[in-house]
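S.K.: The following block contains the structure, expressed as structure tokens.
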Amino acid sequence: MNRAVIDIRDLRFAWPGQDAPCLDIESLQVEAGERVFIHGPSGSGKSTLLGLLGGVLAAQRGSIDVLGTRLEKLRPAQRDRFRADHIGFLFQLFNLIPYLSVVDNVVLAGQFSARRRAQALASSATLRDEAIRLLADLDLGGALLERRVTDLSVGQQQRVAAARAVLGRPEIIVADEPTSALDADRQSAFLDLLLHECDAAGTTLLFVSHDHRLAAHFTREIALHGVNCSWRERQPA
Amino acid sequence: MTHLPGLALRSAWNRRHTLGLTLIAIALSVALLLGVDRVRQDARASFGQSVSGTDLVVGARTSPVQLMLYAVFRIGEATANMSWAGYEKISAHPLVAWAVPLALGDSHRGYSVVGTTRDYFDRFSYGAGKKLAYAQGEAFSTVFEAVIGADVAQRLGYRAGDRIVLNHGAGDVDLAEHSDKPFIVTGVLSRTGTPVDRSVHVPLEAIEAIHLDWQGGAPIPGVAIAPEHVTKFDLRPKAITAMLVGLKNRAGVFRVQRHVNELKDEALVAVLPAVALDQLWQVVGVAERVLLAVSAMVVAVGLAGLVAVVLAGLNERRRELAILRSVGARPRDIFFLLTLEAMGVTVVGALLGVMLLAALTALFAPLAASQYGLVLEPRLIARSELALLAAAVGVGILASLIPGYRAYRLSLADGLTPRL
Amino acid sequence: MRCPTILPILLAAATVAGAADKPDYKVGDRLPQKPAAAAPAAYKETPWDALVPANWNPAKEFAAVNFGSLDDSDPRAIAALEKLREAWDNAPVVPALNGTRVRVAGFMVPLESHEGLVREFLLVPYFGACIHTPPPPANQIIHVLPARPYKSDREMDAVWISGVLETTRAGTDMGNAGYRMKAELVTPYKR
């Protein structure tokens, strides 16, 4: 039986100064290699959940077990390190640092994590070589690598971000609406590329989106507003 | 952590247009601060070493500082002269070892002409007791001969043996020239770093000789006395501007000073050079401190500008900081990143300021020397200025902590998803 | 954000405060001869009075004259003043002090000063001796050559000098008698 990569129990999180919790989850587990599609209306706690999983937020109550490590027992600096080592992030827009080149944006993931750096160097001689290899996998290469990131199209930018997210083979990838800014016809293509990379490495993928048409690509679907008890309580009766 | 400086550098370069302006502001303000101190130190050095080994400077009654300014530093003009009789009376005092008269008021193409005796070259000292030396030639002996200072020789291209013509009245303007009585340069003095370099020295009799056919500042029409006939006239001077006095016993300086001050037939003043200089620095010292304080404020304003620019840019960088957090940057890394950026601009700006000042010094040194008697040493930075520089950079580093800290707090609050 | 504006004020205050105030002397002030706390034992602390021979009293000639009844411009007053001055100019020294190691406090009148360093000076008993008041008698002036140039930053510094006092021989010229010292130590006088 697969060990759960993510195991959340009795999680409660409220923003400072607020009485009512924003997130209240009794139980949520994700198995290794799953492709999870998470959806929910705005205010259902998606960003908060990502923040908690990423370790930038700390819950007032409950436990978050990621890859066997209890996040709530770690100090903030340790959580940052954990995130760097094991989780790759992908956002909807503005994924790239404007003053770094395409390749340097990808290499960033290996600079903040020794573990991912080591794993990347297992496949290529240098971080840069590995970055270029991943970009090639995502159909980016040649002259494009020399362009400023601000000159790339949104689709190209998202693919660069995806390369960064998978560099060094983190066990989990968290993607927060990565396709929402793309044209309809590009969305599928991007998703295919991303899923292909995840399958190759056995990565667990958590994909947050409001677009149900994409749900078919995933092994599991979670409606966050169903899992989040505080959402139900906040609804007018 | 080793990649953070690289990131900071790229980030600063990306924003070079706005940061560049603050960089220039910091460079200019640091140049100003160090420049004020440099002028201050060099002024004291230049003036302080202009005269040595002279116990008293005597002239028509005026303030001690005024007398020093026109008699020794050749700045400004004497409003009244002292009589030759006064000179002889003072020279005869039993405590006086030597006395050198000075007659000022004429000029040669902007450089002061000094009428004096051969004793001047033996008795005059400057700096720490240094004597005058000749780069070429020797002292004058007959009436129409001159010894020129190093600056005069260099800028006007004179050498021993050349002929020169003198004007009446100090100044660069070509007023009435005494072109019928040219002078031969018998000697060129080695560089001293004092007003001697900017002076043309001629015998006292020469000043009288030039003015023989002059009256009230203009030639008497119809009267023209040829040079060879001049020596037939009585060329003994009737008045001089000032005199330098050396005593047999330096402890007796107060006695002689009192003697001069109390001469009944003439209103004279005797000044101790070192004391007069001290008085000058007391007066000037207040202005110096104010200038220094103002320059320090300007530096602070420049740094405040830098801090404001970086802080203002923080808002649009919140997404960028969130990306860095997402790849694993700690809030502490964000702090270092922003602090390093601001610190880098401060340090580079300060270094640029130092170089700017060195360039300005080199550019304006000749003008300062010839117009104001201020010898500016061409150098990159003086030891006293290092302290000021360190203070400015130190304050800048402290100031850089402000945007760093702000970014730290922002990043903590924003996490991975800043609400913009 | 208000933090940046504090910087100019802080810097300015620091600069101005750096020009710290030193005690101001008035013309005619003498230095109190208090026992020095850490005086080097090698030097004998000497007050200015000790430099005057015990039997020298130039004013004794005028004991008979009643100055209170004279005008300032009275020729007798002027003549008396002249005689007094002459006596002061020729004031004798105390020969026994020649070669003694002494320590004297007084005010510095610079003779040679170069880049803020005083290399030769006269030590006098009271402030302003060369500006407004009549100069001191010849046996109240010490011609000092310090072993190391002294860093002076204001007019008429108050200092302690320590060294071997010499009396210069009176020559045939008037006024050649006096005191000299190659000072081994010159230190500031602290109130």
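Each chain of the structure tokens is named A, B, ... in the order shown, its residues numbered from 1; ligands are numbered from 1 in display order.
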Would you list which chain B residues are within 6 Å of chain A using only C-alpha atoms, as a PyMOL selection string?
M.R.: chain B and resi 11+14+320+327-328+330+415
S.K.: With a cut-off of 9 Å and counting only C-alpha atoms, select all residues of chain B in contact with chain C and give the selection as a ChimeraX atom specification.
M.R.: /B:41,44-49,51-55,94-95,127-129,248-252,254-255,257-258,272-275,278-279,281-282,289-290,292-301,303-305,307-308,311,392,395,399,402
S.K.: As an exercise, work out the distance from CA of Ala365 in chain B to CA of Lys131 in chain B in Å and give it to one decimal place.
M.R.: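 We find that CA of Ala365 in chain B and CA of Lys131 in chain B lie 24.2 Å from each other.
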S.K.: Can you list, as a ChimeraX atom specification, all residues belonging to range 130-188 of chain A that DSSP tags as helix (DSSP H, G or I)?
M.R.: /A:130-137,142-146,149-151,154-166,184-188
S.K.: Quick one: pick out all strand (DSSP E or B) residues within range 39-187 of chain A from a backbone DSSP run and write them as a ChimeraX atom specification.
M.R.: /A:39,61-66,69-70,87-90,101,148,172-176
S.K.: Output N, CA and C atoms for every residue in the selection just made, as an mmCIF file, in the first residue's frame.
M.R.:
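File produced: part.cif:
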data_model
loop_
_atom_site.group_PDB
_atom_site.id
_atom_site.type_symbol
_atom_site.label_atom_id
_atom_site.label_comp_id
_atom_site.auth_asym_id
_atom_site.auth_seq_id
_atom_site.Cartn_x
_atom_site.Cartn_y
_atom_site.Cartn_z
ATOM 1 N N HIS A 39 -10.711 21.932 -6.932
ATOM 2 C CA HIS A 39 -11.457 23.105 -7.377
ATOM 3 C C HIS A 39 -12.351 23.635 -6.243
ATOM 4 N N ARG A 61 -4.067 24.619 14.632
ATOM 5 C CA ARG A 61 -4.402 23.301 15.196
ATOM 6 C C ARG A 61 -4.331 22.259 14.112
ATOM 7 N N GLY A 62 -4.017 21.037 14.484
ATOM 8 C CA GLY A 62 -4.041 19.939 13.524
ATOM 9 C C GLY A 62 -2.659 19.590 13.036
ATOM 10 N N SER A 63 -2.599 18.586 12.158
ATOM 11 C CA SER A 63 -1.299 18.149 11.662
ATOM 12 C C SER A 63 -1.294 18.058 10.150
ATOM 13 N N ILE A 64 -0.146 18.417 9.582
ATOM 14 C CA ILE A 64 0.077 18.261 8.140
ATOM 15 C C ILE A 64 1.303 17.384 8.000
ATOM 16 N N ASP A 65 1.081 16.199 7.497
ATOM 17 C CA ASP A 65 2.195 15.271 7.311
ATOM 18 C C ASP A 65 2.515 15.215 5.822
ATOM 19 N N VAL A 66 3.703 15.645 5.451
ATOM 20 C CA VAL A 66 4.127 15.615 4.048
ATOM 21 C C VAL A 66 5.366 14.747 3.954
ATOM 22 N N THR A 69 7.051 13.889 7.080
ATOM 23 C CA THR A 69 7.490 14.944 7.975
ATOM 24 C C THR A 69 6.300 15.764 8.448
ATOM 25 N N ARG A 70 6.232 15.977 9.765
ATOM 26 C CA ARG A 70 5.129 16.760 10.306
ATOM 27 C C ARG A 70 5.513 18.225 10.228
ATOM 28 N N ILE A 87 9.035 20.356 -2.837
ATOM 29 C CA ILE A 87 7.829 20.823 -3.526
ATOM 30 C C ILE A 87 8.190 21.830 -4.621
ATOM 31 N N GLY A 88 7.653 21.629 -5.805
ATOM 32 C CA GLY A 88 7.818 22.590 -6.874
ATOM 33 C C GLY A 88 6.516 23.347 -7.066
ATOM 34 N N PHE A 89 6.631 24.667 -7.257
ATOM 35 C CA PHE A 89 5.421 25.476 -7.372
ATOM 36 C C PHE A 89 5.260 26.058 -8.766
ATOM 37 N N LEU A 90 3.992 26.240 -9.134
ATOM 38 C CA LEU A 90 3.655 26.792 -10.448
ATOM 39 C C LEU A 90 2.451 27.702 -10.229
ATOM 40 N N SER A 101 17.757 35.427 -16.842
ATOM 41 C CA SER A 101 17.520 34.854 -18.170
ATOM 42 C C SER A 101 16.608 33.633 -18.031
ATOM 43 N N ARG A 148 14.997 37.647 -23.339
ATOM 44 C CA ARG A 148 14.573 38.084 -22.002
ATOM 45 C C ARG A 148 13.230 37.441 -21.690
ATOM 46 N N ILE A 172 6.642 16.467 -4.951
ATOM 47 C CA ILE A 172 5.295 17.033 -5.108
ATOM 48 C C ILE A 172 5.376 18.283 -5.970
ATOM 49 N N ILE A 173 4.405 18.425 -6.847
ATOM 50 C CA ILE A 173 4.271 19.691 -7.571
ATOM 51 C C ILE A 173 2.910 20.271 -7.271
ATOM 52 N N VAL A 174 2.916 21.544 -6.866
ATOM 53 C CA VAL A 174 1.669 22.254 -6.594
ATOM 54 C C VAL A 174 1.483 23.300 -7.680
ATOM 55 N N ALA A 175 0.409 23.195 -8.424
ATOM 56 C CA ALA A 175 0.153 24.119 -9.526
ATOM 57 C C ALA A 175 -1.129 24.892 -9.241
ATOM 58 N N ASP A 176 -1.029 26.208 -9.120
ATOM 59 C CA ASP A 176 -2.179 27.049 -8.783
ATOM 60 C C ASP A 176 -2.675 27.767 -10.039
#
S.K.: Would you compute the distance between CA of Asp139 in chain A and CA of Asp211 in chain A? Give it in Å to one decimal.
M.R.: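 Taking CA of Asp139 in chain A as the start and CA of Asp211 in chain A as the end point, the length is 24.5 Å.
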S.K.: Could you jot down the CA of Leu360 in chain B to CA of Glu288 in chain B separation for me, Å, one decimal place?
M.R.: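 Distance reported for this atom pair: 19.8 Å.
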S.K.: Quick one: everything within 9 Å of range 59-69 of chain B, counting only C-alpha atoms, minus sequence neighbours fewer than 2 positions away in the same chain. Send it as a tab-separated table (two decimals) with N, CA and C atoms, in the first residue's frame.
M.R.:
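So the final result, stored in selection-v1.tsv, reads:
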chain	number	residue	atom	x	y	z
B	57	VAL	N	55.64	90.51	11.53
B	57	VAL	CA	55.34	91.16	10.26
B	57	VAL	C	54.80	92.53	10.62
B	71	ALA	N	50.34	91.02	2.95
B	71	ALA	CA	51.80	91.03	2.95
B	71	ALA	C	52.40	89.66	2.66
B	72	VAL	N	51.82	88.63	3.25
B	72	VAL	CA	52.41	87.29	3.12
B	72	VAL	C	51.70	86.45	2.06
B	73	PHE	N	50.38	86.48	2.06
B	73	PHE	CA	49.65	85.62	1.14
B	73	PHE	C	49.35	86.30	-0.18
B	74	ARG	N	49.67	87.60	-0.30
B	74	ARG	CA	49.47	88.31	-1.56
B	74	ARG	C	48.03	88.26	-2.02
B	75	ILE	N	47.11	88.26	-1.07
B	75	ILE	CA	45.69	88.32	-1.40
B	75	ILE	C	45.17	89.68	-0.96
B	76	GLY	N	44.48	90.39	-1.83
B	76	GLY	CA	43.96	91.69	-1.44
B	76	GLY	C	45.03	92.76	-1.54
B	77	GLU	N	44.65	93.99	-1.21
B	77	GLU	CA	45.60	95.10	-1.33
B	77	GLU	C	45.74	95.84	-0.03
B	78	ALA	N	46.91	96.43	0.17
B	78	ALA	CA	47.12	97.27	1.34
B	78	ALA	C	46.45	98.61	1.10
B	79	THR	N	45.78	99.12	2.12
B	79	THR	CA	45.13	100.43	1.95
B	79	THR	C	46.09	101.56	2.26
B	80	ALA	N	47.10	101.27	3.06
B	80	ALA	CA	48.06	102.32	3.39
B	80	ALA	C	49.44	101.72	3.44
B	81	ASN	N	50.45	102.55	3.27
B	81	ASN	CA	51.83	102.09	3.33
B	81	ASN	C	52.48	102.54	4.63
B	82	MET	N	53.68	102.00	4.86
B	82	MET	CA	54.47	102.49	5.99
B	82	MET	C	55.70	103.22	5.44
B	83	SER	N	56.23	104.14	6.24
B	83	SER	CA	57.30	104.99	5.71
B	83	SER	C	58.63	104.26	5.77
B	240	ILE	N	57.16	101.73	1.98
B	240	ILE	CA	57.04	100.30	1.65
B	240	ILE	C	55.70	99.80	2.17
B	241	THR	N	55.34	98.61	1.76
B	241	THR	CA	54.05	98.07	2.19
B	241	THR	C	54.15	97.41	3.56
B	242	ALA	N	55.19	96.62	3.75
B	242	ALA	CA	55.32	95.87	5.01
B	242	ALA	C	56.77	95.44	5.16
B	243	MET	N	57.10	94.89	6.35
B	243	MET	CA	58.44	94.37	6.54
B	243	MET	C	58.39	93.10	7.37
B	261	ASN	N	54.09	99.08	18.06
B	261	ASN	CA	52.70	99.56	18.22
B	261	ASN	C	52.65	100.94	18.82
B	266	GLU	N	54.01	107.36	13.67
B	266	GLU	CA	53.38	106.57	12.61
B	266	GLU	C	52.48	105.49	13.20
B	267	ALA	N	51.35	105.24	12.58
B	267	ALA	CA	50.43	104.20	13.07
B	267	ALA	C	50.79	102.89	12.42
B	268	LEU	N	51.51	102.04	13.18
B	268	LEU	CA	51.95	100.76	12.65
B	268	LEU	C	51.44	99.64	13.52
B	269	VAL	N	51.46	98.45	12.97
B	269	VAL	CA	51.10	97.27	13.77
B	269	VAL	C	52.14	96.18	13.51
B	270	ALA	N	52.51	95.47	14.59
B	270	ALA	CA	53.44	94.35	14.47
B	270	ALA	C	52.67	93.08	14.83
B	271	VAL	N	52.77	92.09	13.98
B	271	VAL	CA	51.94	90.89	14.12
B	271	VAL	C	52.81	89.64	14.27
B	272	LEU	N	52.47	88.77	15.21
B	272	LEU	CA	53.12	87.46	15.28
B	272	LEU	C	52.42	86.57	14.25
B	273	PRO	N	53.13	86.08	13.25
B	273	PRO	CA	52.45	85.37	12.16
B	273	PRO	C	51.63	84.18	12.63
B	275	VAL	N	50.30	83.57	15.47
B	275	VAL	CA	49.12	83.97	16.24
B	275	VAL	C	48.04	84.53	15.32
B	276	ALA	N	48.47	85.31	14.32
B	276	ALA	CA	47.49	85.87	13.38
B	276	ALA	C	46.78	84.75	12.62
B	277	LEU	N	47.55	83.73	12.24
B	277	LEU	CA	46.94	82.60	11.55
B	277	LEU	C	45.93	81.90	12.43
B	279	GLN	N	44.16	83.21	14.68
B	279	GLN	CA	42.95	84.04	14.71
B	279	GLN	C	42.14	83.82	13.45
B	280	LEU	N	42.84	83.71	12.32
B	280	LEU	CA	42.15	83.48	11.06
B	280	LEU	C	41.37	82.18	11.12
